[in-house]
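*Asks:* So that you have it, the file is start.cif, and it contains mmCIF, C-alpha atoms and all ligand atoms:
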data_start
loop_
_atom_site.label_atom_id
_atom_site.label_comp_id
_atom_site.auth_asym_id
_atom_site.auth_seq_id
_atom_site.Cartn_x
_atom_site.Cartn_y
_atom_site.Cartn_z
CA MET A 1 31.35 -30.98 5.12
CA GLN A 2 33.98 -28.38 4.27
CA LYS A 3 33.02 -24.89 3.10
CA ILE A 4 35.27 -22.68 1.03
CA THR A 5 34.88 -18.91 1.18
CA LEU A 6 35.20 -17.19 -2.17
CA ARG A 7 34.80 -13.44 -2.42
CA GLY A 8 32.59 -13.34 0.64
CA ILE A 9 30.44 -16.40 -0.15
CA ASN A 10 30.71 -19.86 1.47
CA PHE A 11 30.51 -22.64 -1.11
CA ASP A 12 30.13 -26.29 -0.14
CA ASN A 13 33.28 -28.05 -1.31
CA VAL A 14 31.55 -31.18 -2.57
CA ASN A 15 31.45 -33.43 -5.59
CA MET A 16 28.07 -34.54 -6.92
CA GLU A 17 27.93 -37.65 -4.74
CA GLU A 18 28.60 -35.60 -1.61
CA ALA A 19 26.06 -32.99 -2.66
CA VAL A 20 23.46 -35.76 -2.89
CA THR A 21 24.46 -36.95 0.61
CA LEU A 22 23.89 -33.41 1.94
CA ALA A 23 20.45 -33.41 0.33
CA GLU A 24 19.63 -36.82 1.83
CA HIS A 25 20.46 -35.50 5.30
CA ALA A 26 18.28 -32.46 4.62
CA LEU A 27 15.38 -34.68 3.59
CA ASN A 28 15.65 -36.50 6.91
CA GLY A 29 15.65 -33.22 8.82
CA THR A 30 12.81 -31.35 10.43
CA ARG A 31 12.96 -28.02 8.61
CA LEU A 32 13.32 -26.67 5.09
CA THR A 33 16.81 -26.68 3.58
CA SER A 34 17.53 -24.25 0.74
CA VAL A 35 19.91 -25.06 -2.09
CA PHE A 36 21.31 -22.33 -4.34
CA THR A 37 23.60 -23.01 -7.26
CA PRO A 38 25.26 -19.70 -8.16
CA ASN A 39 27.45 -19.18 -11.17
CA ALA A 40 30.00 -16.37 -11.51
CA GLU A 41 27.34 -13.90 -12.69
CA ILE A 42 25.43 -14.30 -9.46
CA ALA A 43 28.59 -14.43 -7.36
CA GLN A 44 29.61 -11.11 -8.92
CA LEU A 45 26.19 -9.64 -8.05
CA ALA A 46 26.93 -10.72 -4.48
CA VAL A 47 30.29 -8.95 -4.59
CA GLU A 48 28.53 -5.77 -5.74
CA SER A 49 25.43 -5.88 -3.56
CA PRO A 50 25.24 -6.49 0.20
CA GLU A 51 21.63 -7.59 -0.28
CA MET A 52 22.65 -10.38 -2.68
CA ARG A 53 25.56 -11.29 -0.43
CA GLY A 54 23.20 -11.66 2.53
CA LEU A 55 20.83 -13.73 0.42
CA LEU A 56 23.55 -16.17 -0.67
CA ARG A 57 24.94 -16.37 2.86
CA ARG A 58 21.54 -17.47 4.14
CA ALA A 59 21.48 -20.50 1.78
CA ASP A 60 21.87 -23.80 3.62
CA ILE A 61 23.65 -25.51 0.73
CA LEU A 62 25.59 -23.53 -1.88
CA LEU A 63 26.80 -25.50 -4.88
CA PRO A 64 29.32 -24.06 -7.35
CA ASP A 65 27.61 -24.06 -10.73
CA GLY A 66 30.12 -22.68 -13.12
CA ALA A 67 33.58 -22.66 -14.59
CA GLY A 68 34.07 -19.09 -13.31
CA ILE A 69 33.57 -20.15 -9.70
CA LEU A 70 35.98 -23.08 -10.11
CA LEU A 71 38.56 -20.79 -11.70
CA ALA A 72 38.24 -18.24 -8.88
CA SER A 73 38.75 -21.00 -6.31
CA GLU A 74 41.93 -22.04 -8.11
CA ILE A 75 43.21 -18.48 -8.43
CA LEU A 76 42.78 -18.04 -4.66
CA LYS A 77 44.53 -21.40 -4.04
CA THR A 78 41.50 -22.89 -2.29
CA PRO A 79 40.31 -25.15 -5.11
CA LEU A 80 36.78 -26.51 -5.06
CA LYS A 81 36.45 -30.19 -5.95
CA GLU A 82 34.21 -29.82 -8.98
CA LYS A 83 31.45 -27.90 -10.65
CA VAL A 84 28.08 -29.18 -9.44
CA ALA A 85 25.62 -27.96 -12.05
CA GLY A 86 22.13 -27.23 -10.74
CA VAL A 87 20.48 -29.04 -13.63
CA ASP A 88 22.52 -32.21 -12.90
CA PHE A 89 21.89 -31.96 -9.17
CA GLY A 90 18.16 -31.66 -9.90
CA GLU A 91 18.37 -34.80 -12.02
CA GLN A 92 19.96 -36.66 -9.08
CA MET A 93 17.13 -35.43 -6.85
CA LEU A 94 14.56 -36.79 -9.31
CA SER A 95 16.23 -40.17 -9.25
CA LEU A 96 16.34 -40.11 -5.43
CA ALA A 97 12.70 -38.97 -5.22
CA ALA A 98 11.65 -41.84 -7.48
CA GLN A 99 13.57 -44.39 -5.38
CA LYS A 100 12.50 -43.12 -1.97
CA GLY A 101 9.00 -41.90 -2.80
CA TYR A 102 9.49 -38.20 -2.06
CA PRO A 103 6.73 -36.14 -3.69
CA VAL A 104 8.06 -33.44 -6.02
CA PHE A 105 6.69 -30.06 -7.18
CA PHE A 106 7.89 -28.21 -10.28
CA LEU A 107 7.63 -24.40 -10.07
CA GLY A 108 8.77 -22.22 -12.97
CA GLY A 109 9.14 -21.86 -16.70
CA LYS A 110 6.70 -20.63 -19.27
CA HIS A 111 3.12 -21.90 -19.39
CA GLY A 112 3.01 -25.69 -19.90
CA ILE A 113 6.75 -26.30 -19.42
CA ALA A 114 6.53 -27.65 -15.87
CA GLU A 115 3.76 -30.09 -16.96
CA LEU A 116 5.81 -31.23 -19.95
CA ALA A 117 8.88 -31.69 -17.75
CA ALA A 118 6.77 -33.72 -15.29
CA GLN A 119 5.44 -35.93 -18.06
CA LYS A 120 8.91 -36.61 -19.48
CA LYS A 121 10.49 -37.26 -16.10
CA LYS A 122 7.69 -39.61 -15.01
CA GLU A 123 8.37 -41.63 -18.15
CA GLN A 124 12.09 -41.67 -17.36
CA TYR A 125 11.64 -42.50 -13.64
CA PRO A 126 8.56 -44.72 -13.32
CA GLY A 127 8.36 -44.38 -9.50
CA LEU A 128 8.43 -40.57 -9.62
CA SER A 129 5.51 -38.72 -8.09
CA VAL A 130 5.16 -35.13 -9.34
CA VAL A 131 2.36 -33.85 -7.10
CA GLY A 132 2.07 -30.41 -8.66
CA THR A 133 3.28 -27.95 -11.27
CA GLN A 134 3.04 -24.20 -11.69
CA ASP A 135 4.43 -21.86 -14.32
CA GLY A 136 6.79 -19.15 -13.16
CA TYR A 137 4.95 -16.12 -14.51
CA PHE A 138 2.97 -14.99 -11.48
CA LYS A 139 3.34 -11.95 -9.23
CA LYS A 140 5.97 -12.93 -6.68
CA GLU A 141 4.07 -11.20 -3.84
CA GLY A 142 0.48 -10.59 -2.76
CA ILE A 143 -2.50 -12.77 -3.56
CA GLU A 144 -1.02 -14.44 -6.65
CA ASN A 145 1.99 -15.51 -4.63
CA ASP A 146 -0.28 -16.63 -1.76
CA ALA A 147 -2.20 -18.84 -4.19
CA VAL A 148 1.02 -20.46 -5.43
CA LEU A 149 2.13 -21.14 -1.83
CA LYS A 150 -1.28 -22.66 -1.06
CA LYS A 151 -1.04 -24.92 -4.10
CA ILE A 152 2.42 -26.14 -3.08
CA ASN A 153 1.35 -26.69 0.54
CA GLU A 154 -1.80 -28.57 -0.47
CA SER A 155 0.24 -30.81 -2.77
CA GLY A 156 2.29 -32.10 0.17
CA ALA A 157 5.50 -31.74 -1.87
CA VAL A 158 8.74 -32.56 -0.08
CA ILE A 159 11.15 -31.59 -2.86
CA LEU A 160 10.52 -28.25 -4.59
CA PHE A 161 12.18 -27.26 -7.86
CA VAL A 162 12.17 -23.45 -8.11
CA CYS A 163 13.14 -22.50 -11.65
CA LEU A 164 12.44 -18.77 -11.96
CA GLY A 165 15.89 -17.64 -13.11
CA ALA A 166 18.52 -16.07 -10.89
CA PRO A 167 18.28 -14.10 -8.66
CA THR A 168 14.45 -14.17 -8.68
CA GLN A 169 14.36 -17.81 -7.52
CA GLU A 170 16.84 -17.26 -4.67
CA LYS A 171 14.86 -14.22 -3.47
CA TRP A 172 11.61 -16.17 -3.73
CA ILE A 173 12.91 -19.11 -1.69
CA ASP A 174 14.44 -16.81 0.92
CA ARG A 175 11.25 -14.80 1.29
CA ASN A 176 8.83 -17.73 1.35
CA LYS A 177 10.68 -20.57 3.05
CA ASP A 178 8.81 -20.14 6.34
CA ARG A 179 5.48 -20.43 4.54
CA LEU A 180 6.25 -23.77 2.86
CA HIS A 181 5.00 -26.41 5.27
CA SER A 182 5.74 -29.82 3.75
CA VAL A 183 8.84 -28.89 1.72
CA LYS A 184 12.16 -30.15 3.09
CA LEU A 185 14.34 -29.27 0.12
CA ALA A 186 13.82 -26.10 -1.98
CA MET A 187 16.27 -25.70 -4.83
CA GLY A 188 16.85 -22.74 -7.15
CA LEU A 189 17.71 -24.36 -10.48
CA GLY A 190 17.42 -21.72 -13.23
CA GLY A 191 16.46 -23.16 -16.58
CA ALA A 192 16.42 -26.82 -15.43
CA LEU A 193 12.71 -27.36 -16.23
CA ASP A 194 13.31 -26.14 -19.80
CA VAL A 195 16.00 -28.83 -20.11
CA TYR A 196 13.81 -31.53 -18.51
CA ALA A 197 10.93 -30.57 -20.81
CA GLY A 198 13.26 -30.91 -23.79
CA ILE A 199 12.92 -27.31 -25.03
CA ALA A 200 16.47 -26.32 -24.03
CA ARG A 201 19.60 -28.40 -24.41
CA ARG A 202 22.64 -28.75 -22.23
CA ALA A 203 25.90 -27.87 -23.95
CA PRO A 204 27.61 -30.82 -25.64
CA LYS A 205 29.98 -32.66 -23.27
CA ILE A 206 33.04 -31.34 -25.07
CA PHE A 207 32.06 -27.76 -24.07
CA ILE A 208 31.37 -28.83 -20.48
CA ARG A 209 34.72 -30.64 -20.21
CA ALA A 210 36.55 -27.63 -21.66
CA ARG A 211 34.71 -25.45 -19.08
CA LEU A 212 33.08 -23.58 -21.94
CA GLU A 213 29.42 -24.24 -21.16
CA TRP A 214 28.99 -20.49 -20.64
CA PHE A 215 30.32 -19.88 -24.18
CA TYR A 216 27.87 -22.40 -25.66
CA ARG A 217 25.00 -20.61 -23.90
CA LEU A 218 26.25 -17.29 -25.22
CA LEU A 219 26.24 -18.69 -28.77
CA LYS A 220 22.69 -20.00 -28.28
CA GLU A 221 21.39 -16.93 -26.45
CA PRO A 222 23.46 -13.88 -27.54
CA ARG A 223 21.13 -11.61 -25.53
CA ARG A 224 22.88 -12.94 -22.41
CA ILE A 225 26.01 -10.94 -23.29
CA GLY A 226 25.12 -8.08 -20.91
CA ARG A 227 24.75 -10.27 -17.84
CA MET A 228 27.66 -12.46 -18.89
CA MET A 229 30.02 -9.50 -18.67
CA LYS A 230 29.84 -10.16 -14.95
CA LEU A 231 31.95 -13.28 -15.48
CA PRO A 232 35.20 -11.53 -16.59
CA LYS A 233 34.51 -8.90 -13.92
CA TYR A 234 34.35 -11.63 -11.29
CA ILE A 235 37.62 -13.18 -12.46
CA LEU A 236 39.43 -9.83 -12.67
CA GLY A 237 38.21 -8.94 -9.20
CA THR A 238 39.47 -12.31 -7.96
CA TYR A 239 42.96 -11.56 -9.29
CA ARG A 240 42.78 -8.11 -7.71
CA GLU A 241 41.86 -9.68 -4.38
CA LYS A 242 44.66 -12.22 -4.67
CA PHE A 243 47.31 -9.60 -5.29
CA SER A 244 46.09 -6.91 -2.94
CA PHE A 245 45.43 -8.91 0.24
CA PRO A 246 47.62 -11.48 1.96
CA LYS A 247 45.64 -14.75 2.03
CA LYS A 248 44.94 -14.66 5.77
CA THR A 249 43.24 -11.27 5.68
CA ARG A 250 41.07 -12.10 2.70
CA ARG A 251 37.56 -10.74 3.15
CA ASN A 252 35.04 -13.40 4.06
N1 LIG P 1 11.27 -17.71 -15.51
C1 LIG P 1 10.12 -17.87 -14.77
N2 LIG P 1 9.53 -16.78 -14.23
C2 LIG P 1 10.03 -15.53 -14.36
C3 LIG P 1 11.23 -15.36 -15.11
C4 LIG P 1 11.83 -16.49 -15.66
O1 LIG P 1 9.66 -18.98 -14.60
O2 LIG P 1 9.44 -14.59 -13.83
C5 LIG P 1 11.92 -18.91 -16.05
C6 LIG P 1 12.20 -18.92 -17.53
O3 LIG P 1 11.03 -19.31 -18.24
C7 LIG P 1 13.32 -19.93 -17.62
C8 LIG P 1 14.05 -19.76 -16.29
O4 LIG P 1 13.17 -19.02 -15.45
O5 LIG P 1 12.78 -21.22 -17.66
C9 LIG P 1 15.35 -18.99 -16.39
O6 LIG P 1 16.22 -19.73 -17.10
P1 LIG P 1 17.73 -19.31 -17.27
O7 LIG P 1 18.39 -20.46 -17.93
O8 LIG P 1 17.84 -17.96 -17.88
O9 LIG P 1 18.20 -19.28 -15.75
P2 LIG P 1 19.29 -18.40 -15.06
O10 LIG P 1 20.52 -18.52 -15.89
O11 LIG P 1 18.70 -17.01 -15.01
O12 LIG P 1 19.39 -19.02 -13.70
#
Could you express the structure from this file as C-alpha cells?
*Replies:*
Amino acid sequence: MQKITLRGINFDNVNMEEAVTLAEHALNGTRLTSVFTPNAEIAQLAVESPEMRGLLRRADILLPDGAGILLASEILKTPLKEKVAGVDFGEQMLSLAAQKGYPVFFLGGKHGIAELAAQKKKEQYPGLSVVGTQDGYFKKEGIENDAVLKKINESGAVILFVCLGAPTQEKWIDRNKDRLHSVKLAMGLGGALDVYAGIARRAPKIFIRARLEWFYRLLKEPRRIGRMMKLPKYILGTYREKFSFPKKTRRN
C-alpha cells in the first residue's frame, strides 16, 4: 500500500478499512509487526530529534492520528486519505480478535485500568480472549521490565496493546520487539485503555468532524498546553518547507 512521506516520516496512506487489512496480513505473518499512530506532537518531535525520527522510521505500520498530520499532508499537496485514530484502530482490532480468536494482552494505564478495560471489552465482544493485563507504571528496563516481558510471553498473546503514552510506548516496542515471542501485532495506542475502561471519553463527534479533537483534549486537560505547542510548530514548519524547497527536493 502507498506510503506518503511527510517531514521525513513515511505514513501509510490508508483509510480504516485498509489499515485493518494491513493488520490482518501482519497477523498472518511470521514476525512481529509494530504499529505506531503519531499525531503532530510526535511528528514534530521527530522533526527535532534524529532519535525519534529513526524510531518512527522503524515502525512497520504508521497511521496518521491527528488533524495536524492531515493538514500537513494537504499543505504539501500529498493528501492522506483520512485520520486513522489509534483508539479506533484498537477497537477494530478487538472486534477482529473476537471474531478470529486472537488472544489479546492489555499493557498500560494506571493500576486496575487494563483489567477494567478487559472486563468491559469482554462484555462488548463475547468471543474476546484477553489473556493478560499489566499496568503501565513499571521500570521500562531491568528486572521489572523482564518480568513484564515474561508475563506477556507466558500469556501467549498475539495482539498487544501498548498504552504507555507517546513516545514511551514507541520506544518500549522498538526496544523489546525481539523479546516478544508470540506477539504478531504490537500497537502503541496512547490513552486507548483509559477510553475502553470508561474513565476517559473521546471528543464528541462534532469536534472530531471539525478536526478539533485536539482542542477538546486541551479543554479537558489544560496541562497538555506545553506539549500541544508542538502542533502549531509542526504546521508552521510545514509551510516553511513548502515555500523553501521545490517539491522534488523535499527532505525525506
Ligand atoms: N501511562 C502508563 N505508564 C507510564 C506513563 C503513562 O501506562 O509510565 C499511561 C497513562 O496512564 C495513560 C496513557 O499512558 O493511560 C497516556 O495517555 P495519553 O492520552 O496522555 O497518551 P498520549 O497522548 O501521550 O499518547
*Asks:* Which residue is closest to A:Asn176? Choose from A:Ile199, A:Val148, A:Leu94, A:Cys163 and count all atoms listed in the file.
*Replies:* A:Val148
*Asks:* Would you mind telling me which residue in A:Leu218, A:Ile4, A:Ile208, A:Val183 lies nearest to ligand LIG 1 (chain P) when using only C-alpha atoms and all ligand atoms?
*Replies:*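 Among the listed residues, the smallest separation from ligand LIG 1 (chain P) belongs to A:Leu218.
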*Asks:* Would you name the residues within 10 Å of ligand LIG 1 (chain P), counting all atoms listed in the file, and put them as a PyMOL selection string?
*Replies:* chain A and resi 37-39+41-42+86-87+107-111+113-114+134-140+162-170+188-195+199-200+214+217+221+224+227-228
*Asks:* Could you work out how far atom CA of A:Arg201 lies from atom CA of A:Phe215, giving the answer in Å with one decimal?
*Replies:*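 Going from atom CA of A:Phe215 over to atom CA of A:Arg201, I get 13.7 Å.
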*Asks:* Leaving out A:Glu91 and any residue of its chain fewer than 5 positions from it, which residues lie within 10 Å of it when counting only C-alpha atoms, given as a CSV table (one decimal) with C-alpha atoms, in the coordinates of the input?
*Replies:*
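Result file follows (part_38.csv):
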chain,number,residue,atom,x,y,z
A,85,ALA,CA,25.6,-28.0,-12.0
A,86,GLY,CA,22.1,-27.2,-10.7
A,96,LEU,CA,16.3,-40.1,-5.4
A,97,ALA,CA,12.7,-39.0,-5.2
A,121,LYS,CA,10.5,-37.3,-16.1
A,192,ALA,CA,16.4,-26.8,-15.4
A,196,TYR,CA,13.8,-31.5,-18.5
*Asks:* Calculate how many Å separate atom CA of A:Val104 from atom CA of A:Ala157, rounding to one decimal.
*Replies:*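 Atom CA of A:Ala157 lies at a distance of 5.2 Å from atom CA of A:Val104.
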*Asks:* Write out as a PyMOL selection string the residues lying within 9 Å of A:Ala19, counting all atoms listed in the file and excluding same-chain residues fewer than 6 positions away.
*Replies:* chain A and resi 12-13+61+63+84+89
*Asks:* Between A:Ala26, A:Leu6, A:Met16, A:Ile173, which is the closest to A:Ile75 once you count only C-alpha atoms?
*Replies:*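 Result for the nearest residue to A:Ile75: A:Leu6.
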*Asks:* Quick one: everything within 8 Å of stretch 236-245 of chain A, counting only C-alpha atoms, minus sequence neighbours fewer than 6 positions away in the same chain. Send it as number ranges by chain.
*Replies:* A: 7, 72, 75-76
*Asks:* For each of A:Phe161, A:Tyr102, A:Tyr125, A:Tyr216, take the minimum atom-to-atom distance to A:Ala203, counting all atoms listed in the file, then give the residue where this is smallest.
*Replies:*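 The closest residue to A:Ala203 is A:Tyr216.
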*Asks:* For a test of reading the model, state the distance in Å between atom CA of A:Lys77 and atom CA of A:Asn15, rounded to one decimal.
*Replies:*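 Answer for the atom CA of A:Lys77 to atom CA of A:Asn15 separation: 17.8 Å.
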*Asks:* Considering all atoms listed in the file, return as a list in words whatever protein or nucleic-acid residues lie within 8 Å of A:Ala118, sequence-local ones (same chain, fewer than 4 positions apart) excluded.
*Replies:* Phe106, Ala114, Lys122, Val130, Thr133 and Ala197 of chain A
*Asks:* Within 12 Å of (17.3, -34.2, 2.3) (file coordinates; all atoms listed in the file), which protein or nucleic acid residues are there? I'd like them as a PyMOL selection string.
*Replies:* chain A and resi 19-35+60-61+92-93+96-97+100+102+158-160+183-187
*Asks:* Can you work out which one of A:Ile143, A:Leu149, A:Leu71, A:Ala98 has the shortest atom-to-atom distance to A:Gly127, counting all atoms listed in the file?
*Replies:*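 Checking each candidate against A:Gly127, we get A:Ala98 as the closest.
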*Asks:* Between A:Ile152, A:Val14, A:Gly8, A:Pro64, which residue has the minimum interatomic distance to A:Ala46, considering only C-alpha atoms?
*Replies:* A:Gly8
*Asks:* Please work out which residues fall within 8 Å of (33.0, -11.7, -10.9), coordinates as given in the file, with all atoms listed in the file counting, and return them as a PyMOL selection string.
*Replies:* chain A and resi 40-41+43-45+47+68+230-238
